[in-house]
$ cat protein29.txt   # compact mmCIF, C-alpha atoms
# COMPACT_ATOMS: atom_id res chain seq x y z
CA MET A 1 -2.80 34.27 2.06
CA LEU A 2 -5.76 36.76 1.84
CA PHE A 3 -5.80 39.60 -0.72
CA VAL A 4 -8.24 42.54 -0.34
CA ILE A 5 -8.94 44.54 -3.52
CA ASP A 6 -10.75 47.89 -3.13
CA SER A 7 -13.14 49.49 -5.63
CA GLN A 8 -10.51 51.84 -7.07
CA HIS A 9 -8.79 48.89 -8.70
CA ALA A 10 -11.84 46.87 -9.61
CA ASP A 11 -10.69 46.52 -13.21
CA GLU A 12 -7.30 45.04 -12.21
CA PRO A 13 -6.83 41.24 -11.98
CA ASP A 14 -8.50 39.64 -8.99
CA ALA A 15 -6.73 37.47 -6.43
CA HIS A 16 -7.47 34.24 -8.28
CA SER A 17 -5.78 35.42 -11.48
CA LEU A 18 -2.51 36.55 -9.89
CA ASP A 19 0.52 34.74 -11.19
CA ASP A 20 1.41 31.71 -9.04
CA ASP A 21 5.07 32.63 -9.50
CA LEU A 22 4.47 35.56 -7.16
CA PHE A 23 3.63 33.18 -4.36
CA ALA A 24 6.58 30.96 -5.14
CA LEU A 25 8.96 33.91 -5.21
CA GLU A 26 7.70 35.20 -1.87
CA GLU A 27 7.99 31.76 -0.25
CA ASP A 28 11.53 31.34 -1.60
CA ASN A 29 12.52 34.72 -0.15
CA VAL A 30 11.11 33.81 3.27
CA ALA A 31 12.86 30.44 3.21
CA ALA A 32 16.13 32.09 2.22
CA GLN A 33 15.84 34.59 5.06
CA GLU A 34 15.15 31.83 7.57
CA SER A 35 18.13 29.77 6.39
CA VAL A 36 20.70 32.56 6.63
CA PRO A 37 22.58 32.09 9.92
CA GLU A 38 24.17 34.78 12.01
CA PRO A 39 27.97 35.07 11.56
CA SER A 40 28.44 34.18 15.23
CA ASP A 41 26.42 30.99 14.75
CA ILE A 42 28.49 30.05 11.71
CA ASP A 43 31.63 30.50 13.80
CA ARG A 44 30.28 28.33 16.63
CA LEU A 45 29.27 25.58 14.22
CA ALA A 46 32.64 25.72 12.45
CA ARG A 47 34.48 25.38 15.77
CA ALA A 48 32.32 22.39 16.62
CA ARG A 49 32.92 20.81 13.22
CA HIS A 50 36.66 21.10 13.76
CA CYS A 51 36.29 19.05 16.96
CA LEU A 52 34.46 16.31 15.06
CA THR A 53 37.40 15.45 12.86
CA VAL A 54 40.47 13.35 13.52
CA GLY A 55 42.48 15.01 16.27
CA PRO A 56 42.50 15.21 20.07
CA PRO A 57 39.86 13.11 21.84
CA LEU A 58 36.53 14.69 22.64
CA PHE A 59 35.88 15.04 26.39
CA ILE A 60 32.22 15.84 27.14
CA ILE A 61 30.79 16.85 30.50
CA GLN A 62 27.14 15.99 31.10
CA ARG A 63 25.06 18.57 32.93
CA SER A 64 24.06 16.98 36.22
CA HIS A 65 20.84 17.39 38.16
CA GLN A 66 22.77 18.43 41.26
CA HIS A 67 25.92 20.54 41.61
CA SER A 68 25.90 21.59 37.95
CA GLY A 69 26.87 25.11 39.00
CA VAL A 70 30.47 24.02 39.45
CA ILE A 71 30.81 22.65 35.90
CA PRO A 72 31.78 25.97 34.25
CA SER A 73 34.65 26.38 36.74
CA ALA A 74 35.79 22.82 36.12
CA LEU A 75 35.57 23.32 32.37
CA ASN A 76 37.58 26.53 32.48
CA HIS A 77 40.25 24.82 34.58
CA ILE A 78 40.41 21.90 32.15
CA ARG A 79 40.69 24.30 29.22
CA ARG A 80 43.63 26.12 30.84
CA GLN A 81 45.43 22.91 31.74
CA HIS A 82 44.75 20.73 28.70
CA GLY A 83 43.35 22.96 25.96
CA ASN A 84 45.74 21.64 23.30
CA ALA A 85 45.35 17.99 24.23
CA LEU A 86 41.56 17.77 24.33
CA ASN A 87 38.50 18.89 22.44
CA LEU A 88 35.83 19.91 24.92
CA GLY A 89 32.09 19.51 24.94
CA VAL A 90 29.03 19.67 27.17
CA ALA A 91 25.68 17.91 26.98
CA VAL A 92 22.32 18.83 28.48
CA PRO A 93 19.42 16.36 28.92
CA LEU A 94 16.75 18.39 27.13
CA PRO A 95 13.52 16.90 28.57
CA ARG A 96 14.97 17.00 32.09
CA THR A 97 15.90 20.69 31.90
CA ARG A 98 13.87 23.87 31.54
CA PRO A 99 14.60 25.97 28.43
CA ALA A 100 16.17 28.75 30.50
CA GLY A 101 18.42 26.20 32.18
CA VAL A 102 19.68 24.98 28.81
CA SER A 103 20.38 28.49 27.54
CA ASN A 104 22.13 29.55 30.74
CA PHE A 105 24.26 26.42 30.80
CA PHE A 106 25.35 26.83 27.18
CA ARG A 107 26.15 30.49 27.84
CA ASP A 108 28.29 29.61 30.88
CA THR A 109 30.16 26.85 29.03
CA GLN A 110 31.04 28.63 25.81
CA VAL A 111 34.66 27.50 26.10
CA ALA A 112 33.36 24.08 24.96
CA PRO A 113 32.79 24.15 21.17
CA ILE A 114 30.65 21.01 21.30
CA GLN A 115 27.29 21.83 22.89
CA ILE A 116 24.72 19.05 22.75
CA ALA A 117 21.04 19.34 23.71
CA ASP A 118 20.25 15.64 24.01
CA PRO A 119 16.56 15.02 23.15
CA GLU A 120 16.60 11.69 25.08
CA CYS A 121 13.72 10.34 23.00
CA PHE A 122 14.43 6.86 24.32
CA ALA A 123 12.66 7.96 27.54
CA ARG A 124 9.34 8.68 25.80
CA HIS A 125 6.34 6.67 27.00
CA ASP A 126 6.25 4.81 23.65
CA SER A 127 9.96 3.95 23.69
CA TYR A 128 11.94 2.72 26.71
CA GLY A 129 10.14 5.05 29.11
CA PRO A 130 7.90 2.47 30.84
CA VAL A 131 10.91 0.32 31.75
CA LEU A 132 12.76 3.31 33.15
CA MET A 133 9.69 4.31 35.14
CA GLU A 134 9.33 0.83 36.58
CA GLN A 135 12.95 0.83 37.72
CA ARG A 136 12.30 4.17 39.41
CA GLU A 137 9.17 2.83 41.14
CA GLY A 138 6.70 4.85 39.12
CA GLN A 139 8.78 8.01 38.71
CA PRO A 140 9.33 8.99 35.06
CA TYR A 141 12.85 9.45 33.75
CA ALA A 142 11.90 12.96 32.65
CA GLY A 143 9.34 14.48 35.01
CA PRO A 144 6.42 16.67 33.90
CA SER A 145 7.89 19.79 35.53
CA THR A 146 10.50 19.96 32.75
CA SER A 147 9.31 17.68 29.95
CA LYS A 148 6.16 19.76 29.47
CA TYR A 149 8.30 22.46 27.84
CA TRP A 150 9.35 20.12 25.01
CA GLU A 151 6.51 19.32 22.62
CA TYR A 152 8.36 16.53 20.80
CA PHE A 153 8.80 14.58 24.03
CA SER A 154 5.13 14.21 24.96
CA GLU A 155 3.43 14.48 21.56
CA GLU A 156 1.21 11.51 20.82
CA LEU A 157 2.27 9.52 17.74
CA PRO A 158 -0.51 6.99 17.10
CA THR A 159 0.99 5.92 13.76
CA GLY A 160 4.58 5.79 15.01
CA TRP A 161 7.58 7.97 14.25
CA THR A 162 7.08 10.43 11.42
CA ALA A 163 9.20 12.86 9.41
CA ASP A 164 7.36 15.83 10.91
CA TRP A 165 8.04 14.63 14.43
CA VAL A 166 11.73 14.06 13.71
CA ALA A 167 11.91 17.60 12.33
CA LYS A 168 10.50 18.88 15.62
CA VAL A 169 13.20 17.01 17.52
CA ILE A 170 15.89 18.70 15.43
CA ARG A 171 14.30 22.15 15.72
CA ALA A 172 14.09 21.90 19.50
CA GLN A 173 17.86 21.42 19.66
CA ARG A 174 18.55 24.18 17.15
CA GLU A 175 16.39 26.68 19.02
CA VAL A 176 18.41 26.34 22.22
CA GLY A 177 21.71 26.80 20.39
CA ALA A 178 23.14 23.28 20.16
CA THR A 179 26.20 23.06 17.91
CA VAL A 180 25.71 19.35 17.23
CA LEU A 181 22.20 18.09 16.43
CA LEU A 182 21.28 14.53 17.41
CA THR A 183 18.80 12.27 15.68
CA PRO A 184 16.03 11.12 18.07
CA GLY A 185 17.81 8.03 19.37
CA VAL A 186 14.68 6.08 20.32
CA TRP A 187 15.13 2.70 21.95
CA MET A 188 16.26 -0.08 19.62
CA ASP A 189 14.52 -3.29 20.68
CA ALA A 190 16.97 -6.18 20.49
CA SER A 191 14.09 -8.66 20.12
CA ASP A 192 13.01 -6.93 16.91
CA ARG A 193 16.38 -6.35 15.31
CA MET A 194 15.41 -5.73 11.70
CA ASN A 195 12.56 -3.35 12.48
CA SER A 196 14.72 -1.44 14.98
CA LEU A 197 17.45 -0.95 12.40
CA ARG A 198 14.91 0.09 9.77
CA LEU A 199 13.37 2.71 12.07
CA MET A 200 16.82 4.02 12.94
CA ARG A 201 17.65 4.42 9.23
CA GLU A 202 14.38 6.21 8.59
CA SER A 203 14.85 8.65 11.46
CA VAL A 204 18.35 9.48 10.19
CA SER A 205 16.99 10.11 6.70
CA TRP A 206 14.22 12.35 8.05
CA ALA A 207 16.64 14.23 10.29
CA ARG A 208 19.02 14.84 7.42
CA ARG A 209 16.21 16.59 5.51
CA GLU A 210 15.75 19.06 8.35
CA VAL A 211 19.43 19.65 9.16
CA ARG A 212 20.92 22.53 7.20
CA GLN A 213 24.07 22.19 5.15
CA TYR A 214 26.22 24.20 7.55
CA GLU A 215 24.99 22.36 10.68
CA ASN A 216 26.55 19.34 12.39
CA MET A 217 24.56 16.15 12.89
CA ALA A 218 25.31 12.97 14.83
CA VAL A 219 23.39 9.72 14.65
CA SER A 220 22.08 8.99 18.13
CA ILE A 221 21.65 5.30 18.97
CA THR A 222 20.24 3.93 22.23
CA ILE A 223 20.60 0.20 22.77
CA SER A 224 20.75 -2.47 25.43
CA HIS A 225 24.10 -4.05 26.25
CA SER A 226 23.00 -7.20 24.40
CA TRP A 227 23.65 -5.36 21.11
CA LEU A 228 27.33 -5.37 22.07
CA SER A 229 27.62 -8.73 23.82
CA THR A 230 25.61 -10.85 21.35
CA PRO A 231 27.60 -11.53 18.15
CA ALA A 232 24.61 -11.58 15.77
CA LEU A 233 23.24 -8.28 17.12
CA ARG A 234 26.67 -6.67 17.16
CA ASP A 235 27.40 -7.72 13.59
CA ALA A 236 24.06 -6.34 12.40
CA LEU A 237 24.66 -3.03 14.17
CA LEU A 238 28.18 -2.67 12.82
CA ALA A 239 27.08 -3.52 9.29
CA GLU A 240 24.41 -0.81 9.53
CA LEU A 241 26.86 1.80 10.78
CA LEU A 242 29.34 1.02 8.02
CA ASP A 243 26.64 1.11 5.34
CA MET A 244 25.47 4.59 6.30
CA ASP A 245 26.86 7.75 4.73
CA GLU A 246 26.91 9.45 8.15
CA ASP A 247 30.27 9.79 9.90
CA ILE A 248 29.40 10.80 13.48
CA PHE A 249 27.72 8.40 15.92
CA TYR A 250 26.53 8.98 19.48
CA VAL A 251 26.00 5.49 20.90
CA ARG A 252 24.40 5.14 24.35
CA VAL A 253 24.37 1.63 25.84
CA ARG A 254 22.16 0.53 28.72
CA TRP A 255 24.37 -1.36 31.17
CA PRO A 256 23.24 -4.00 33.64
CA LEU A 257 22.91 -3.02 37.29
CA LEU A 258 26.29 -1.98 38.70
CA SER A 259 27.38 -3.46 42.02
CA GLN A 260 28.34 0.03 43.15
CA PRO A 261 26.93 3.31 41.77
CA TYR A 262 30.33 4.89 41.08
CA GLY A 263 32.02 1.70 39.93
CA GLN A 264 33.08 0.67 36.45
CA LEU A 265 31.64 -1.82 33.99
CA ILE A 266 33.15 -5.25 34.73
CA SER A 267 31.39 -7.42 32.15
CA PRO A 268 33.99 -9.03 29.83
CA ASP A 269 31.44 -9.62 27.05
CA ILE A 270 30.24 -6.00 27.00
CA LEU A 271 33.80 -4.68 27.14
CA ASP A 272 34.69 -6.89 24.19
CA GLY A 273 31.71 -5.38 22.36
CA TYR A 274 32.98 -1.88 23.09
CA MET A 275 36.40 -2.94 21.81
CA GLU A 276 35.03 -4.16 18.48
CA LEU A 277 32.67 -1.20 18.05
CA SER A 278 35.49 1.26 18.71
CA ASP A 279 37.97 -0.56 16.51
CA VAL A 280 35.61 -0.90 13.54
CA CYS A 281 34.63 2.76 13.73
CA ALA A 282 38.27 3.85 13.85
CA GLU A 283 39.23 1.66 10.90
CA ASN A 284 36.38 3.07 8.80
CA ASP A 285 36.79 6.75 9.73
CA LYS A 286 33.62 6.87 11.81
CA PHE A 287 33.67 9.37 14.68
CA LEU A 288 32.34 7.43 17.68
CA ILE A 289 31.13 9.22 20.83
CA LEU A 290 30.22 7.11 23.87
CA PRO A 291 27.98 9.15 26.19
CA ASN A 292 27.52 8.32 29.88
CA THR A 293 30.42 5.87 30.02
CA GLY A 294 32.84 7.39 32.58
CA LEU A 295 36.17 5.62 32.63
CA THR A 296 34.84 2.88 30.36
CA GLY A 297 34.64 5.61 27.73
CA TRP A 298 38.14 6.70 28.65
CA VAL A 299 39.63 3.24 28.08
CA SER A 300 37.56 2.92 24.87
CA LEU A 301 39.66 5.75 23.41
CA ALA A 302 42.54 3.28 23.38
CA TRP A 303 40.40 0.92 21.28
CA GLY A 304 39.46 3.57 18.71
CA ALA A 305 36.59 5.63 20.13
CA SER A 306 36.79 9.36 19.39
CA GLY A 307 35.13 10.75 22.49
CA PHE A 308 33.09 10.02 25.59
CA SER A 309 31.11 11.78 28.28
CA THR A 310 30.96 11.66 32.04
CA GLY A 311 29.68 13.87 34.83
CA ILE A 312 29.35 14.52 38.52
CA GLY A 313 26.48 12.17 39.39
CA SER A 314 26.40 8.40 38.98
CA GLY A 315 23.68 8.77 36.32
CA GLU A 316 26.02 10.90 34.22
CA ARG A 317 28.88 8.43 34.60
CA SER A 318 26.85 5.43 33.48
CA PHE A 319 23.54 4.70 31.76
CA ALA A 320 22.74 1.60 33.77
CA ASP A 321 19.82 -0.29 35.22
CA THR A 322 18.79 1.02 38.61
CA LYS A 323 17.21 -0.43 41.69
CA VAL A 324 15.52 1.47 44.48
CA ILE A 325 16.91 0.26 47.79
CA LYS A 326 14.70 0.76 50.82
CA ILE A 327 16.33 0.66 54.25
CA LYS A 328 14.17 0.16 57.30
CA ARG A 329 15.28 2.65 59.91
CA THR A 330 14.49 2.67 63.60
CA GLY A 331 16.91 5.44 64.48
CA PRO A 332 18.60 8.47 62.93
CA ARG A 333 19.72 8.31 59.32
CA PRO A 334 23.36 7.16 59.15
CA ALA A 335 25.92 9.67 57.96
CA PRO A 336 26.67 9.35 54.23
CA THR A 337 29.97 7.90 53.12
CA ASN A 338 32.05 10.61 51.51
CA ARG A 339 33.90 9.38 48.43
CA THR A 340 36.47 10.82 46.07
CA PHE A 341 38.12 9.78 42.83
CA ARG A 342 41.65 8.50 43.31
CA GLN A 343 43.32 9.36 40.02
CA GLY A 344 46.31 7.06 40.46
CA LEU A 345 43.98 4.14 41.18
CA LEU A 346 41.48 4.95 38.40
CA HIS A 347 38.74 4.38 40.94
CA VAL A 348 36.47 6.03 43.52
CA VAL A 349 37.26 5.28 47.18
CA ASP A 350 36.01 6.58 50.49
CA VAL A 351 37.77 9.66 51.85
CA THR A 352 39.42 7.83 54.76
CA THR A 353 40.95 5.28 52.40
CA ASP A 354 42.08 8.07 50.08
CA GLU A 355 43.91 9.76 52.97
CA ARG A 356 45.65 6.49 53.85
CA LEU A 357 46.69 5.99 50.24
CA SER A 358 48.11 9.52 50.19
CA ALA A 359 50.40 8.57 53.07
CA LEU A 360 52.01 5.68 51.19
CA PRO A 361 55.56 6.16 49.83
CA GLY A 362 55.50 7.96 46.50
CA GLN A 363 51.88 9.06 46.95
CA SER A 364 50.40 12.42 47.92
CA SER A 365 47.10 14.23 48.28
CA CYS A 366 45.51 15.79 45.22
CA GLY A 367 46.55 19.40 44.76
CA CYS A 368 43.86 20.48 42.29
CA PRO A 369 42.02 23.73 43.10
CA PHE A 370 38.82 21.85 43.89
CA CYS A 371 40.44 19.62 46.50
CA ARG A 372 42.13 22.66 48.02
CA ALA A 373 38.70 24.30 48.24
CA GLN A 374 37.26 21.47 50.32
CA PRO A 375 36.15 23.00 53.65
CA ARG A 376 37.77 21.53 56.74
CA GLY A 377 35.49 19.46 58.88
CA SER A 378 32.87 18.95 56.16
CA TRP A 379 32.54 17.61 52.64
CA ASP A 380 31.47 19.58 49.58
CA LYS A 381 30.14 17.19 46.93
CA ALA A 382 30.30 19.87 44.24
CA GLN A 383 34.03 20.34 44.77
CA ALA A 384 34.51 16.56 44.84
CA GLY A 385 32.63 16.33 41.54
CA ALA A 386 34.76 19.05 39.96
CA HIS A 387 37.88 17.22 41.17
CA TYR A 388 36.63 14.08 39.42
CA LEU A 389 36.03 15.91 36.15
CA SER A 390 39.44 17.56 36.34
CA ALA A 391 41.16 14.25 37.09
CA VAL A 392 39.48 12.34 34.26
CA ALA A 393 40.31 15.15 31.85
CA GLU A 394 43.93 14.95 32.94
CA LEU A 395 43.96 11.18 32.44
CA THR A 396 42.51 11.67 28.96
CA ALA A 397 45.12 14.27 28.09
CA GLN A 398 47.94 12.08 29.42
CA ALA A 399 46.86 9.13 27.29
CA ALA A 400 46.24 11.30 24.23
CA THR A 401 49.65 12.97 24.32
CA HIS A 402 51.73 9.85 24.93
CA ALA A 403 54.59 9.69 22.47
CA ARG A 404 53.55 6.22 21.31
CA GLY A 405 49.83 6.84 21.03
CA VAL A 406 46.71 6.76 23.14
CA ARG A 407 46.65 2.98 23.53
CA THR A 408 50.17 2.89 24.94
CA GLY A 409 49.36 5.89 27.12
CA ALA A 410 46.26 4.25 28.56
CA ARG A 411 48.14 0.99 29.13
CA ALA A 412 50.84 2.82 31.08
CA LEU A 413 48.27 4.48 33.34
CA VAL A 414 46.43 1.20 33.99
CA ARG A 415 49.75 -0.48 34.77
CA GLU A 416 50.56 2.27 37.29
CA ALA A 417 47.14 1.85 38.91
CA ASN A 418 47.71 -1.90 39.22
CA GLN A 419 51.08 -1.19 40.83
CA LEU A 420 49.45 1.10 43.40
CA LEU A 421 46.87 -1.58 44.12
CA SER A 422 49.66 -4.11 44.67
CA ASP A 423 51.66 -1.75 46.90
CA ALA A 424 48.61 -0.94 49.01
CA THR A 425 47.46 -4.53 49.53
CA ASN A 426 49.01 -5.04 52.97
CA LEU A 427 49.01 -1.46 54.26
CA VAL A 428 45.69 -0.17 52.91
CA PRO A 429 43.48 -3.12 51.96
CA LEU A 430 41.16 -2.17 49.12
CA THR A 431 38.02 -4.26 49.54
CA GLY A 432 34.33 -3.89 48.83
CA PRO A 433 33.48 -0.67 46.97
CA ASN A 434 37.15 0.42 47.22
CA ASP A 435 38.33 -2.53 45.12
CA PRO A 436 39.07 -1.53 41.48
CA LYS A 437 37.91 -4.81 39.95
CA HIS A 438 38.05 -3.39 36.45
CA LEU A 439 41.84 -2.95 36.26
CA ASP A 440 42.72 -6.52 35.26
CA LEU A 441 39.93 -6.59 32.67
CA TRP A 442 41.32 -3.41 31.12
CA MET A 443 44.93 -4.58 31.25
CA ASN A 444 44.08 -7.79 29.43
CA ARG A 445 42.46 -5.74 26.64
CA LEU A 446 45.29 -3.24 26.29
CA ARG A 447 48.12 -5.63 25.64
$ encode --input "protein29.txt" --output "structure tokens"
Amino acid sequence: MLFVIDSQHADEPDAHSLDDDLFALEEDNVAAQESVPEPSDIDRLARARHCLTVGPPLFIIQRSHQHSGVIPSALNHIRRQHGNALNLGVAVPLPRTRPAGVSNFFRDTQVAPIQIADPECFARHDSYGPVLMEQREGQPYAGPSTSKYWEYFSEELPTGWTADWVAKVIRAQREVGATVLLTPGVWMDASDRMNSLRLMRESVSWARREVRQYENMAVSITISHSWLSTPALRDALLAELLDMDEDIFYVRVRWPLLSQPYGQLISPDILDGYMELSDVCAENDKFLILPNTGLTGWVSLAWGASGFSTGIGSGERSFADTKVIKIKRTGPRPAPTNRTFRQGLLHVVDVTTDERLSALPGQSSCGCPFCRAQPRGSWDKAQAGAHYLSAVAELTAQAATHARGVRTGARALVREANQLLSDATNLVPLTGPNDPKHLDLWMNRLR
């Protein structure tokens, strides 16, 4: 700070002899002014904190790259239908969205108390980014057209993660109005277990220094599926979670390549890992959120998870390995297969099969506002996506409000889906992508 003293006051103390307490007092006043939140922000954060306690499950909708404009309508519908049975949230992939897009989305989804601006630090070039780029044939997970707006995402860190960098990650989320702040969630290398756990602990400690007392923080963890399916890795992860003072965890798991983009996880070992993770967190009062898990997150509620997220696109429904498929064409591009989520089957099927299932005894077409809005003679993917979100929210509410608990509620819905599969076997064969292979795996783990 520069002081200029004119000749009229030449006999008064110069700048170097001013009391240091003056500087300290001024700095304290500035810090106090910066830390005082607006009443409206305090209210938003309090509403979010209420959703992060024991109560209704947390249902989070991920902002999708395409058709995200329909999400506010879907969210409002879900709030009207199931407001007492669910806590609602939204999540935005920060480095894949422009700042204005984040602000506009949060403004349009204010009915959801939980608003997450996911920093997705796992996708940095010095984390898991190169692997993601390779799977996308050279295309980065977060392209430069959006990631350039987020300094923390592209900043070079020659000495590794630092406290200053972690603080920047937190501030970026705060500045866009997130009501839950995530720790960076960089990739945890399973081949270097101890160092990965140490770095995770350090980032949490650094983040906690930056997070203010009235703010909400969740520990973000990004891991490969081997952390759940390998006993030694799973035990180490669980021991770390239980040893931490933090209560809220946001655990993203990289799945193996799915046989169908809109299918469910069908690996018994990984499902068993989700079961143990969910159960241990529930027994120890840890609030576990499973982002990008679709119906696997839904069934995990029965095992003890507190919330999950899904979305319109396949990338929002699962965080899984990808493979670019090139088709050699000599003629016109074939028409895309239109698909829809069959709620009673807990599965996505093609539209023709869905119509045939609706004609079976005891079955009917979906009557949600988004299905009614489907234009005749064409297919609106946005409306189909909103139907999916509405249907999964309804399934979550049904399980959560079952008189005998969420596990019994989920088991009843899976049993009904198996019954529909059995009834349809001869009349409407469900094969290939229409086959809900996950139902038996779930049923065996809900007994």
$ residues_around --input "protein29.txt" --residues "stretch 62-75 of chain A" --least-positions-apart "3" --cutoff "6 Å" --atoms "all atoms listed in the file" --output "PyMOL selection string"
chain A and resi 78+90-92+109+310-311+382+386
$ write_last_selection --input "protein29.txt" --atoms "C-alpha atoms" --output "compact mmCIF listing (two decimals), in the coordinates of the input"
# COMPACT_ATOMS: atom_id res chain seq x y z
CA ILE A 78 40.41 21.90 32.15
CA VAL A 90 29.03 19.67 27.17
CA ALA A 91 25.68 17.91 26.98
CA VAL A 92 22.32 18.83 28.48
CA THR A 109 30.16 26.85 29.03
CA THR A 310 30.96 11.66 32.04
CA GLY A 311 29.68 13.87 34.83
CA ALA A 382 30.30 19.87 44.24
CA ALA A 386 34.76 19.05 39.96
$ residues_around --input "protein29.txt" --residues "A:Ile42" --least-positions-apart "5" --cutoff "9 Å" --atoms "only C-alpha atoms" --output "MDAnalysis selection string"
chainID A and resid 37 47 214:215
$ closest_residue --input "protein29.txt" --among "A:Pro429, A:Gly160, A:Gly263, A:Pro39" --to "A:Arg356" --atoms "all atoms listed in the file"
A:Pro429
$ residues_around --input "protein29.txt" --residues "stretch 180-188 of chain A" --least-positions-apart "2" --cutoff "7 Å" --atoms "all atoms listed in the file" --output "list in words"
Ile114, Gln115, Ile116, Asp118, Pro119, Glu120, Cys121, Phe122, Ser127, Tyr128, Val166, Val169, Ile170, Gln173, Ala178, Ala190, Ser196, Ser203, Val204, Ala207, Asn216, Met217, Ala218, Val219, Ser220, Ile221, Thr222 and Ile223 of chain A
$ closest_residue --input "protein29.txt" --among "A:Leu271, A:Arg212, A:Pro93, A:Leu58" --to "A:Glu316" --atoms "all atoms listed in the file"
A:Pro93
$ atom_distance --input "protein29.txt" --atom1 "atom CA of A:Gly177" --atom2 "atom CA of A:Asp41"
8.5 Å
$ residues_around --input "protein29.txt" --residues "A:Ala412" --least-positions-apart "6" --cutoff "12 Å" --atoms "all atoms listed in the file" --output "number ranges by chain"
A: 299, 302, 344, 395, 398-400, 402-406, 418-419, 439, 442-443, 446-447
$ closest_residue --input "protein29.txt" --among "A:Leu228, A:Val111, A:Ala320, A:Ala48" --to "A:Leu257" --atoms "all atoms listed in the file"
A:Ala320
$ build_atoms --input "protein29.txt" --residues "stretch 283-288 of chain A" --atoms "all heavy atoms" --output "PDB file, in the coordinates of the input"
ATOM      1  N   GLU A 283      38.703   2.155  12.168  1.00  0.00           N
ATOM      2  CA  GLU A 283      39.230   1.660  10.900  1.00  0.00           C
ATOM      3  C   GLU A 283      38.474   2.217   9.698  1.00  0.00           C
ATOM      4  O   GLU A 283      39.019   2.280   8.591  1.00  0.00           O
ATOM      5  CB  GLU A 283      39.181   0.132  10.875  1.00  0.00           C
ATOM      6  CG  GLU A 283      40.241  -0.539  11.742  1.00  0.00           C
ATOM      7  CD  GLU A 283      40.279  -2.040  11.519  1.00  0.00           C
ATOM      8  OE1 GLU A 283      39.387  -2.552  10.803  1.00  0.00           O
ATOM      9  OE2 GLU A 283      41.198  -2.688  12.039  1.00  0.00           O
ATOM     10  N   ASN A 284      37.209   2.608   9.922  1.00  0.00           N
ATOM     11  CA  ASN A 284      36.380   3.070   8.800  1.00  0.00           C
ATOM     12  C   ASN A 284      36.061   4.561   8.890  1.00  0.00           C
ATOM     13  O   ASN A 284      35.099   5.033   8.284  1.00  0.00           O
ATOM     14  CB  ASN A 284      35.084   2.253   8.760  1.00  0.00           C
ATOM     15  CG  ASN A 284      35.317   0.817   8.359  1.00  0.00           C
ATOM     16  OD1 ASN A 284      35.362   0.491   7.182  1.00  0.00           O
ATOM     17  ND2 ASN A 284      35.486  -0.060   9.348  1.00  0.00           N
ATOM     18  N   ASP A 285      36.898   5.293   9.630  1.00  0.00           N
ATOM     19  CA  ASP A 285      36.790   6.750   9.730  1.00  0.00           C
ATOM     20  C   ASP A 285      35.419   7.211  10.218  1.00  0.00           C
ATOM     21  O   ASP A 285      34.876   8.214   9.750  1.00  0.00           O
ATOM     22  CB  ASP A 285      37.085   7.405   8.363  1.00  0.00           C
ATOM     23  CG  ASP A 285      38.509   7.130   7.901  1.00  0.00           C
ATOM     24  OD1 ASP A 285      39.403   7.085   8.767  1.00  0.00           O
ATOM     25  OD2 ASP A 285      38.718   6.946   6.693  1.00  0.00           O
ATOM     26  N   LYS A 286      34.853   6.473  11.151  1.00  0.00           N
ATOM     27  CA  LYS A 286      33.620   6.870  11.810  1.00  0.00           C
ATOM     28  C   LYS A 286      33.962   7.489  13.169  1.00  0.00           C
ATOM     29  O   LYS A 286      34.733   6.915  13.930  1.00  0.00           O
ATOM     30  CB  LYS A 286      32.682   5.675  12.017  1.00  0.00           C
ATOM     31  CG  LYS A 286      32.314   4.920  10.739  1.00  0.00           C
ATOM     32  CD  LYS A 286      31.392   5.724   9.840  1.00  0.00           C
ATOM     33  CE  LYS A 286      30.911   4.891   8.656  1.00  0.00           C
ATOM     34  NZ  LYS A 286      30.010   5.633   7.757  1.00  0.00           N
ATOM     35  N   PHE A 287      33.400   8.650  13.437  1.00  0.00           N
ATOM     36  CA  PHE A 287      33.670   9.370  14.680  1.00  0.00           C
ATOM     37  C   PHE A 287      32.690   8.874  15.736  1.00  0.00           C
ATOM     38  O   PHE A 287      31.498   9.183  15.692  1.00  0.00           O
ATOM     39  CB  PHE A 287      33.517  10.872  14.453  1.00  0.00           C
ATOM     40  CG  PHE A 287      34.098  11.733  15.545  1.00  0.00           C
ATOM     41  CD1 PHE A 287      35.373  12.273  15.407  1.00  0.00           C
ATOM     42  CD2 PHE A 287      33.378  12.008  16.685  1.00  0.00           C
ATOM     43  CE1 PHE A 287      35.909  13.077  16.410  1.00  0.00           C
ATOM     44  CE2 PHE A 287      33.908  12.811  17.699  1.00  0.00           C
ATOM     45  CZ  PHE A 287      35.175  13.341  17.556  1.00  0.00           C
ATOM     46  N   LEU A 288      33.191   8.094  16.685  1.00  0.00           N
ATOM     47  CA  LEU A 288      32.340   7.430  17.680  1.00  0.00           C
ATOM     48  C   LEU A 288      32.418   8.156  19.022  1.00  0.00           C
ATOM     49  O   LEU A 288      33.486   8.290  19.602  1.00  0.00           O
ATOM     50  CB  LEU A 288      32.781   5.974  17.863  1.00  0.00           C
ATOM     51  CG  LEU A 288      32.072   5.182  18.967  1.00  0.00           C
ATOM     52  CD1 LEU A 288      30.581   5.022  18.646  1.00  0.00           C
ATOM     53  CD2 LEU A 288      32.741   3.815  19.153  1.00  0.00           C
TER      54      LEU A 288
END
